Structure formats: C-alpha cells, structure tokens
>>> print(open('upload_33.txt').read())   # compact mmCIF, C-alpha atoms
# COMPACT_ATOMS: atom_id res chain seq x y z
CA MET A 13 131.77 24.83 -54.48
CA SER A 14 128.52 26.38 -53.31
CA ILE A 15 126.05 27.33 -56.05
CA THR A 16 124.01 30.33 -54.98
CA ALA A 17 120.47 31.22 -56.02
CA ALA A 18 121.91 34.35 -57.66
CA ASP A 19 124.21 32.17 -59.80
CA VAL A 20 121.30 29.98 -60.86
CA ASN A 21 119.13 32.98 -61.67
CA LYS A 22 121.91 34.58 -63.73
CA LEU A 23 122.24 31.41 -65.83
CA ARG A 24 118.48 31.16 -66.17
CA GLN A 25 118.28 34.75 -67.45
CA ALA A 26 121.07 34.06 -69.96
CA THR A 27 119.71 30.78 -71.31
CA GLY A 28 116.01 30.63 -70.48
CA ALA A 29 116.49 27.12 -69.07
CA GLY A 30 114.62 25.95 -65.98
CA MET A 31 115.94 26.64 -62.47
CA MET A 32 116.71 22.98 -61.72
CA ASP A 33 118.46 22.48 -65.07
CA CYS A 34 120.56 25.60 -64.42
CA LYS A 35 121.51 24.42 -60.95
CA LYS A 36 122.50 20.97 -62.26
CA ALA A 37 124.54 22.55 -65.09
CA LEU A 38 126.38 24.89 -62.69
CA THR A 39 127.07 22.02 -60.30
CA GLU A 40 128.41 19.85 -63.11
CA ALA A 41 130.55 22.77 -64.34
CA ALA A 42 131.87 23.45 -60.83
CA GLY A 43 130.43 26.95 -60.97
CA ASP A 44 131.98 27.86 -64.36
CA PHE A 45 129.29 30.01 -65.99
CA GLU A 46 130.40 29.54 -69.62
CA ALA A 47 130.87 25.79 -69.15
CA ALA A 48 127.36 25.58 -67.68
CA ILE A 49 125.96 27.31 -70.78
CA ASP A 50 127.73 24.71 -72.96
CA ILE A 51 126.27 21.91 -70.84
CA LEU A 52 122.76 23.26 -71.33
CA ARG A 53 123.32 23.64 -75.07
CA LYS A 54 124.58 20.07 -75.34
CA LYS A 55 121.50 18.94 -73.47
CA GLY A 56 119.39 20.70 -76.07
CA GLN A 57 121.34 19.01 -78.87
CA LYS A 58 120.77 15.59 -77.30
CA ILE A 59 117.05 16.19 -76.92
CA SER A 60 116.86 17.59 -80.45
CA ALA A 61 118.58 14.51 -81.87
CA ALA A 62 116.37 12.16 -79.84
CA ARG A 63 113.20 13.84 -81.15
CA ALA A 64 114.36 14.36 -84.74
CA ASP A 65 111.84 11.84 -86.10
CA ARG A 66 108.88 13.43 -84.30
CA SER A 67 106.22 15.29 -86.30
CA THR A 68 105.62 18.99 -85.71
CA THR A 69 101.88 19.01 -86.36
CA GLU A 70 101.15 21.93 -84.01
CA GLY A 71 102.55 25.44 -83.81
CA VAL A 72 101.97 29.06 -84.78
CA VAL A 73 102.04 30.97 -88.08
CA PHE A 74 103.74 34.38 -88.10
CA ILE A 75 103.00 36.90 -90.86
CA ALA A 76 104.06 40.47 -91.67
CA THR A 77 104.50 43.01 -94.46
CA ALA A 78 107.21 45.59 -95.12
CA HIS A 79 108.01 48.59 -97.39
CA ASN A 80 104.49 50.01 -97.50
CA ASP A 81 102.91 46.59 -97.99
CA THR A 82 104.91 45.75 -101.12
CA GLU A 83 106.69 42.82 -99.44
CA GLY A 84 105.10 39.97 -97.51
CA TYR A 85 106.62 37.33 -95.24
CA VAL A 86 105.03 34.31 -93.59
CA PHE A 87 106.40 31.24 -91.79
CA SER A 88 105.21 28.49 -89.49
CA LEU A 89 107.04 27.61 -86.30
CA GLY A 90 106.16 24.01 -85.56
CA CYS A 91 106.10 21.96 -82.37
CA GLU A 92 104.61 18.66 -81.24
CA THR A 93 101.72 19.78 -79.03
CA ASP A 94 99.25 22.64 -78.87
CA PHE A 95 100.30 23.21 -75.27
CA VAL A 96 103.81 24.21 -76.36
CA ALA A 97 102.37 26.35 -79.19
CA LYS A 98 100.91 28.57 -76.45
CA ASN A 99 104.17 28.71 -74.47
CA THR A 100 105.45 32.28 -74.05
CA ASP A 101 109.05 31.32 -74.88
CA PHE A 102 107.90 29.53 -78.04
CA VAL A 103 105.89 32.57 -79.19
CA ALA A 104 108.77 34.89 -78.27
CA MET A 105 111.08 32.82 -80.47
CA GLY A 106 108.65 33.18 -83.38
CA ASN A 107 108.53 36.94 -82.91
CA LEU A 108 112.32 37.08 -82.75
CA ILE A 109 112.61 35.12 -85.99
CA MET A 110 110.14 37.48 -87.71
CA GLN A 111 112.17 40.50 -86.57
CA GLN A 112 115.22 38.97 -88.23
CA VAL A 113 113.25 38.04 -91.35
CA LEU A 114 112.06 41.62 -91.78
CA ALA A 115 115.57 42.95 -91.19
CA HIS A 116 117.42 40.59 -93.53
CA LYS A 117 114.77 39.35 -96.02
CA PRO A 118 115.94 35.73 -96.40
CA ALA A 119 115.11 34.11 -99.73
CA ASN A 120 114.27 30.63 -98.46
CA LEU A 121 113.88 28.37 -95.41
CA GLU A 122 117.57 27.51 -95.30
CA ALA A 123 118.42 31.22 -95.15
CA VAL A 124 115.93 31.71 -92.30
CA ASN A 125 117.65 29.05 -90.19
CA ALA A 126 121.02 30.65 -90.95
CA LEU A 127 120.01 34.12 -89.69
CA VAL A 128 122.38 35.14 -86.92
CA VAL A 129 121.23 36.44 -83.53
CA ASP A 130 123.78 37.17 -80.79
CA GLY A 131 126.51 35.52 -82.83
CA ARG A 132 124.64 32.23 -83.36
CA PRO A 133 122.28 31.06 -86.14
CA ILE A 134 118.55 30.71 -85.56
CA ALA A 135 118.90 26.93 -85.94
CA GLU A 136 121.09 26.80 -82.82
CA HIS A 137 118.70 28.99 -80.84
CA LEU A 138 115.94 26.54 -81.75
CA VAL A 139 118.05 23.65 -80.41
CA ASP A 140 118.43 25.56 -77.14
CA LEU A 141 114.67 26.01 -76.97
CA VAL A 142 114.17 22.29 -77.61
CA GLY A 143 116.41 21.60 -74.62
CA LYS A 144 114.37 23.94 -72.47
CA ILE A 145 110.88 22.87 -73.59
CA GLY A 146 111.53 19.21 -74.41
CA GLU A 147 109.75 19.05 -77.78
CA LYS A 148 110.91 19.16 -81.36
CA ILE A 149 110.69 22.77 -82.63
CA GLU A 150 111.44 23.90 -86.17
CA VAL A 151 110.58 26.47 -88.81
CA VAL A 152 108.49 24.24 -91.07
CA GLN A 153 107.44 26.51 -93.94
CA TYR A 154 108.56 29.93 -95.13
CA ALA A 155 107.34 32.09 -98.00
CA THR A 156 107.84 35.62 -99.24
CA ILE A 157 106.19 37.51 -102.10
CA THR A 158 106.37 41.01 -103.53
CA GLY A 159 103.81 43.08 -105.42
CA GLU A 160 101.97 46.36 -105.78
CA LYS A 161 99.93 45.74 -102.62
CA ILE A 162 100.33 42.80 -100.23
CA VAL A 163 97.22 41.80 -98.29
CA THR A 164 97.53 39.36 -95.39
CA TYR A 165 95.25 37.00 -93.50
CA LEU A 166 95.98 35.16 -90.25
CA HIS A 167 93.28 32.76 -89.10
CA SER A 168 92.00 33.30 -85.57
CA ASN A 169 93.77 30.16 -84.29
CA GLN A 170 97.05 31.36 -85.87
CA LYS A 171 97.44 28.07 -87.72
CA VAL A 172 96.91 29.40 -91.27
CA GLY A 173 98.46 32.49 -92.83
CA VAL A 174 97.99 33.83 -96.36
CA LEU A 175 99.79 36.46 -98.44
CA VAL A 176 98.19 37.91 -101.58
CA ALA A 177 99.82 40.35 -104.01
CA LEU A 178 97.21 42.55 -105.67
CA LYS A 179 97.85 44.04 -109.10
CA GLY A 180 95.84 46.92 -110.54
CA GLY A 181 94.64 48.70 -107.43
CA SER A 182 95.43 49.42 -103.79
CA GLY A 183 92.50 51.48 -102.51
CA ALA A 184 90.16 50.53 -99.67
CA ALA A 185 87.74 48.63 -101.94
CA GLU A 186 90.56 46.70 -103.60
CA VAL A 187 92.15 45.80 -100.26
CA GLU A 188 88.78 44.59 -98.96
CA ALA A 189 88.47 42.40 -102.06
CA GLY A 190 92.00 41.18 -101.40
CA LYS A 191 90.92 40.17 -97.89
CA ASP A 192 88.12 38.12 -99.44
CA VAL A 193 90.67 36.39 -101.64
CA THR A 194 93.01 35.62 -98.73
CA MET A 195 90.17 33.91 -96.88
CA GLN A 196 89.27 32.00 -100.05
CA ILE A 197 92.85 30.74 -100.26
CA ALA A 198 92.87 29.78 -96.57
CA ALA A 199 89.72 27.71 -97.00
CA MET A 200 90.07 26.31 -100.54
CA LYS A 201 93.85 25.71 -100.73
CA PRO A 202 94.44 26.43 -104.44
CA ILE A 203 97.65 24.85 -105.74
CA ALA A 204 98.44 27.58 -108.31
CA LEU A 205 97.41 31.05 -109.43
CA ASP A 206 96.15 30.07 -112.91
CA LYS A 207 96.17 26.98 -115.11
CA ASP A 208 99.46 27.97 -116.75
CA ASP A 209 101.12 27.93 -113.31
CA VAL A 210 100.29 24.30 -112.52
CA ASP A 211 103.29 21.97 -112.44
CA PRO A 212 103.39 19.94 -115.71
CA THR A 213 103.87 16.71 -113.74
CA VAL A 214 100.63 17.42 -111.87
CA ILE A 215 98.82 18.04 -115.16
CA GLN A 216 100.09 14.79 -116.64
CA ARG A 217 99.10 12.87 -113.50
CA GLU A 218 95.57 14.31 -113.65
CA ILE A 219 95.26 13.35 -117.34
CA GLU A 220 96.30 9.77 -116.54
CA ILE A 221 93.87 9.62 -113.62
CA GLY A 222 91.11 10.94 -115.89
CA LYS A 223 91.86 8.25 -118.47
CA GLU A 224 91.80 5.50 -115.87
CA GLN A 225 88.49 6.73 -114.47
CA ALA A 226 86.95 6.82 -117.94
CA ARG A 227 88.36 3.39 -118.74
CA ALA A 228 86.89 2.00 -115.51
CA GLU A 229 83.52 3.43 -116.56
CA GLY A 230 83.74 1.44 -119.79
CA LYS A 231 84.30 4.40 -122.13
CA PRO A 232 85.78 3.66 -125.60
CA GLU A 233 89.58 3.79 -125.72
CA ALA A 234 89.46 6.38 -128.51
CA MET A 235 87.49 8.74 -126.24
CA LEU A 236 89.74 8.53 -123.17
CA GLU A 237 92.01 11.47 -124.04
CA LYS A 238 89.09 13.81 -124.74
CA ILE A 239 87.31 12.78 -121.55
CA ALA A 240 90.49 13.23 -119.51
CA LEU A 241 91.02 16.74 -120.90
CA GLY A 242 87.45 17.59 -119.93
CA LYS A 243 88.16 16.45 -116.39
CA LEU A 244 91.34 18.54 -116.46
CA THR A 245 89.24 21.65 -117.11
CA ARG A 246 87.28 20.88 -113.95
CA PHE A 247 90.54 20.31 -112.08
CA TYR A 248 91.71 23.81 -113.07
CA LYS A 249 88.43 25.31 -111.88
CA ASP A 250 88.66 23.59 -108.52
CA ASN A 251 92.37 24.06 -107.86
CA THR A 252 93.64 27.28 -109.44
CA LEU A 253 92.82 30.51 -107.63
CA LEU A 254 91.66 32.77 -110.45
CA ASN A 255 89.39 30.04 -111.85
CA GLN A 256 87.83 28.96 -108.57
CA ASP A 257 84.24 29.90 -107.85
CA PHE A 258 84.15 32.81 -105.42
CA VAL A 259 82.97 31.34 -102.10
CA LYS A 260 80.74 34.33 -101.32
CA ASP A 261 79.11 34.23 -104.78
CA ASN A 262 79.60 31.00 -106.71
CA LYS A 263 78.11 32.54 -109.85
CA VAL A 264 81.45 34.24 -110.54
CA SER A 265 85.08 33.16 -110.46
CA ILE A 266 87.72 34.91 -108.38
CA ALA A 267 89.03 36.56 -111.57
CA GLN A 268 85.55 37.87 -112.40
CA TYR A 269 84.94 39.04 -108.84
CA LEU A 270 88.17 41.06 -108.73
CA ASP A 271 87.47 42.59 -112.13
CA SER A 272 84.01 43.64 -110.92
CA VAL A 273 85.57 45.50 -107.98
CA LYS A 274 87.90 47.41 -110.29
CA LYS A 275 88.55 46.81 -113.97
CA GLY A 276 91.89 45.04 -114.35
CA LEU A 277 92.26 44.17 -110.67
CA THR A 278 93.86 40.75 -110.23
CA VAL A 279 96.29 38.72 -108.13
CA SER A 280 99.92 38.46 -109.25
CA ALA A 281 101.08 36.02 -106.54
CA PHE A 282 99.99 34.30 -103.34
CA SER A 283 101.35 32.04 -100.61
CA ARG A 284 99.54 29.95 -98.04
CA VAL A 285 101.28 28.53 -94.96
CA GLY A 286 99.47 26.22 -92.57
CA ILE A 287 100.29 24.20 -89.47
CA GLY A 288 100.14 20.45 -90.06
CA GLN A 289 99.12 20.86 -93.72
>>> encode(input="upload_33.txt", output="structure tokens")
Amino acid sequence: MSITAADVNKLRQATGAGMMDCKKALTEAAGDFEAAIDILRKKGQKISAARADRSTTEGVVFIATAHNDTEGYVFSLGCETDFVAKNTDFVAMGNLIMQQVLAHKPANLEAVNALVVDGRPIAEHLVDLVGKIGEKIEVVQYATITGEKIVTYLHSNQKVGVLVALKGGSGAAEVEAGKDVTMQIAAMKPIALDKDDVDPTVIQREIEIGKEQARAEGKPEAMLEKIALGKLTRFYKDNTLLNQDFVKDNKVSIAQYLDSVKKGLTVSAFSRVGIGQ
C-alpha cells in the first residue's frame, strides 16, 4: 500500500522517531499504525541491548524543590556524548521525568524508572529514546532529601547538582550561607555530613592505610595505631562537610562558618549528583 507523508508525520508525532525510520516502520507494517509503533519500539530495544555495556559519562543534571523548599530532588540523565546531552528530545525527557518525580516523590532510582507516563514506565520511554537517538540513555543517579529549608545549586554546565537541608534558619542570610555550602560540596565532594556519618568500612580502611603508610616510613609497630588514628582525624577534616575548611575562608570550618551566620545554623543533610563522577 502507499504510505503518505501525512501517515509518516502522524507516526513521527506519536513516537518522536525520525522521518525515514517512521516510513520504514509503516512500510514494514503494511500501513498498520499500531504495528509500526511496535516496530519502532523493538528497534529501540535492540539498540538499547546492543549498547548496554556503554558508559554514560555525559548528560544533564536536573534539580528541583517542592513544598515551600522543604523537599529536594535531583537526578542525572546520562548519555554517551555531550552532543546528545544538548539534544532537545533528551532535555525534554529529563524535564518530563522531573515532572513525574515532583508529582509522585519516588524513594529511589528503581522507583523513578517505574514511574508511569501514558501507561508505560519511564524505563520504556528511555528505550524508545535510545532507538531514536542511537545512544545509551539512563537515569544514573537519583537523590531526595527533606529539611527545614532546602537550598539547591546547579553548576553552569548542568553536570553537577547539590541539595542542602539547612537547620536552624531560613532567612535571606541563612539561604545565602546555604548557597556557599552547596558550592563547597560541588567542588570538594565530601563523603559524609560529619565523622559519625562515615561508613565504618571506610573508617577501617583508612586506619589500615594509615598503619601501612607509617610502617613504610619505618615507624615502630607499637606506634602504628596512634599514628593511623591521627591520620584519620585529618581524613575527617578533608572529607566530612561540617569539618572541612570553608573554601572562602580556610581559617574556619563549615560548621563554624554557619554558626557565625546565625547561632545554631547547620546542615542536616545533603546530596551531590554529578555526571561521570
């Protein structure tokens, strides 16, 4: 049967696939619109499977708050190349996912992929987009936090996003301080809020590394534990947010800086999401 330009355009509007792909799908389906949609979806599944082992080291971070800035949401939509990260369909997909995130408040990455749009989960819509664009596309990281006042930061290249939950103040001065903290997190990548929040396995690993370093330096065996614990104190200072030196004034820690802005002001939680990191 004859496939008209109107038929091709209708399928293109419904699926977002390219004109030639739509024409081929309609021809293969003998003009059956629904069958052509299935063909395009199967094409996406094949491409997705073929590129499953590819790395999504490029992409865009999406970030938003809700309920008067008491809830924060951030995720990264990854792809293979920076060219695709600028694609309008790719960005539109990220915005669509964020709309669903704000509406349904998923608890984790698995729940994000299971969000349903037009009767199909986000994961299937991503497969369709893979078929259209030809690169692996996936939601790589997802985080959500709650608190008295959520402050956000999105780096200018949209490859790093940070959420910070302030505790003890939400005025203009406190929010400005919170912005400073978000940029600190973006740059310094703390692994935990305070020393008590560090994973015990990480602590033990650092102690063992400290011992080995001291041993390699020829320190007495009886002194290794003490030396390692001293190195651990430095590790906390470098890697936990509240103990880090404030980048804008390294004479004070983040905890001291916040307290100087308003007595008792602190951070109760944070999340950092970055592309390729």
>>> closest_residue(input="upload_33.txt", among="A:Tyr165, A:Met110, A:Pro232, A:Gln256", to="Lys191 (chain A)", atoms="only C-alpha atoms")
A:Tyr165
>>> closest_residue(input="upload_33.txt", among="A:Lys148, A:Lys274, A:Arg24, A:Lys55", to="Thr68 (chain A)", atoms="all atoms listed in the file")
A:Lys148
>>> residues_around(input="upload_33.txt", residues="Ala240 (chain A)", least_positions_apart="5", cutoff="12 Å", atoms="only C-alpha atoms", output="list of chain:residue names")
A:Ile215, A:Gln216, A:Arg217, A:Glu218, A:Ile219, A:Glu220, A:Ile221, A:Gly222, A:Lys223, A:Glu224, A:Gln225, A:Ala226, A:Arg227, A:Lys231, A:Glu233, A:Ala234, A:Met235, A:Thr245, A:Arg246, A:Phe247
>>> residues_around(input="upload_33.txt", residues="Ala177 (chain A)", least_positions_apart="4", cutoff="9 Å", atoms="only C-alpha atoms", output="VMD selection string")
chain A and resid 82 to 84 157 to 164 190 278 to 282
>>> closest_residue(input="upload_33.txt", among="A:Leu253, A:Ile145, A:Ala135, A:Ala126", to="Ala97 (chain A)", atoms="all atoms listed in the file")
A:Ile145
>>> atom_distance(input="upload_33.txt", atom1="CA of Thr156 (chain A)", atom2="CA of Val86 (chain A)")
6.4 Å
>>> residues_around(input="upload_33.txt", residues="region 111-115 of chain A", least_positions_apart="6", cutoff="8 Å", atoms="all atoms listed in the file", output="JSON, numbers by chain")
{"A": [78, 85, 124, 127]}
>>> write_last_selection(input="upload_33.txt", atoms="C-alpha atoms", output="compact mmCIF listing (two decimals), in the coordinates of the input")
# COMPACT_ATOMS: atom_id res chain seq x y z
CA ALA A 78 107.21 45.59 -95.12
CA TYR A 85 106.62 37.33 -95.24
CA VAL A 124 115.93 31.71 -92.30
CA LEU A 127 120.01 34.12 -89.69
>>> residues_around(input="upload_33.txt", residues="Val172 (chain A)", least_positions_apart="4", cutoff="8 Å", atoms="all atoms listed in the file", output="MDAnalysis selection string")
chainID A and resid 73 166:167 198 284:287
>>> residues_around(input="upload_33.txt", residues="Leu23 (chain A)", least_positions_apart="6", cutoff="12 Å", atoms="all atoms listed in the file", output="ChimeraX atom specification")
/A:15-17,29-39,43-52
>>> axis_aligned_box(input="upload_33.txt", around="region 165-174 of chain A", padding_each_side="4 Å", output="lines of an AutoDock Vina configuration file")
center_x = 95.2
center_y = 32.5
center_z = -90.3
size_x = 14.5
size_y = 16.9
size_z = 20.1
>>> closest_residue(input="upload_33.txt", among="A:Gly90, A:Gly276, A:Gly181, A:Gly173", to="Leu138 (chain A)", atoms="all atoms listed in the file")
A:Gly90
>>> decode(input="upload_33.txt", residues="region 249-272 of chain A", atoms="C-alpha atoms", output="mmCIF file, in the first residue's frame")
data_model
loop_
_atom_site.group_PDB
_atom_site.id
_atom_site.type_symbol
_atom_site.label_atom_id
_atom_site.label_comp_id
_atom_site.auth_asym_id
_atom_site.auth_seq_id
_atom_site.Cartn_x
_atom_site.Cartn_y
_atom_site.Cartn_z
ATOM 1 C CA LYS A 249 38.661 17.187 58.175
ATOM 2 C CA ASP A 250 39.190 16.712 54.458
ATOM 3 C CA ASN A 251 36.172 14.539 53.695
ATOM 4 C CA THR A 252 33.263 15.375 56.019
ATOM 5 C CA LEU A 253 31.314 18.527 55.231
ATOM 6 C CA LEU A 254 30.971 20.162 58.644
ATOM 7 C CA ASN A 255 34.672 19.630 59.393
ATOM 8 C CA GLN A 256 36.029 20.826 56.056
ATOM 9 C CA ASP A 257 37.768 24.179 55.881
ATOM 10 C CA PHE A 258 35.434 26.750 54.361
ATOM 11 C CA VAL A 259 36.785 27.423 50.861
ATOM 12 C CA LYS A 260 36.133 31.181 51.098
ATOM 13 C CA ASP A 261 37.869 31.431 54.500
ATOM 14 C CA ASN A 262 40.074 28.485 55.420
ATOM 15 C CA LYS A 263 40.520 29.790 58.964
ATOM 16 C CA VAL A 264 37.098 28.372 59.854
ATOM 17 C CA SER A 265 35.304 25.092 59.230
ATOM 18 C CA ILE A 266 31.915 24.872 57.534
ATOM 19 C CA ALA A 267 30.327 24.253 60.954
ATOM 20 C CA GLN A 268 31.974 27.388 62.363
ATOM 21 C CA TYR A 269 31.042 29.464 59.323
ATOM 22 C CA LEU A 270 27.358 28.526 59.542
ATOM 23 C CA ASP A 271 27.292 29.200 63.282
ATOM 24 C CA SER A 272 28.795 32.650 62.652
#
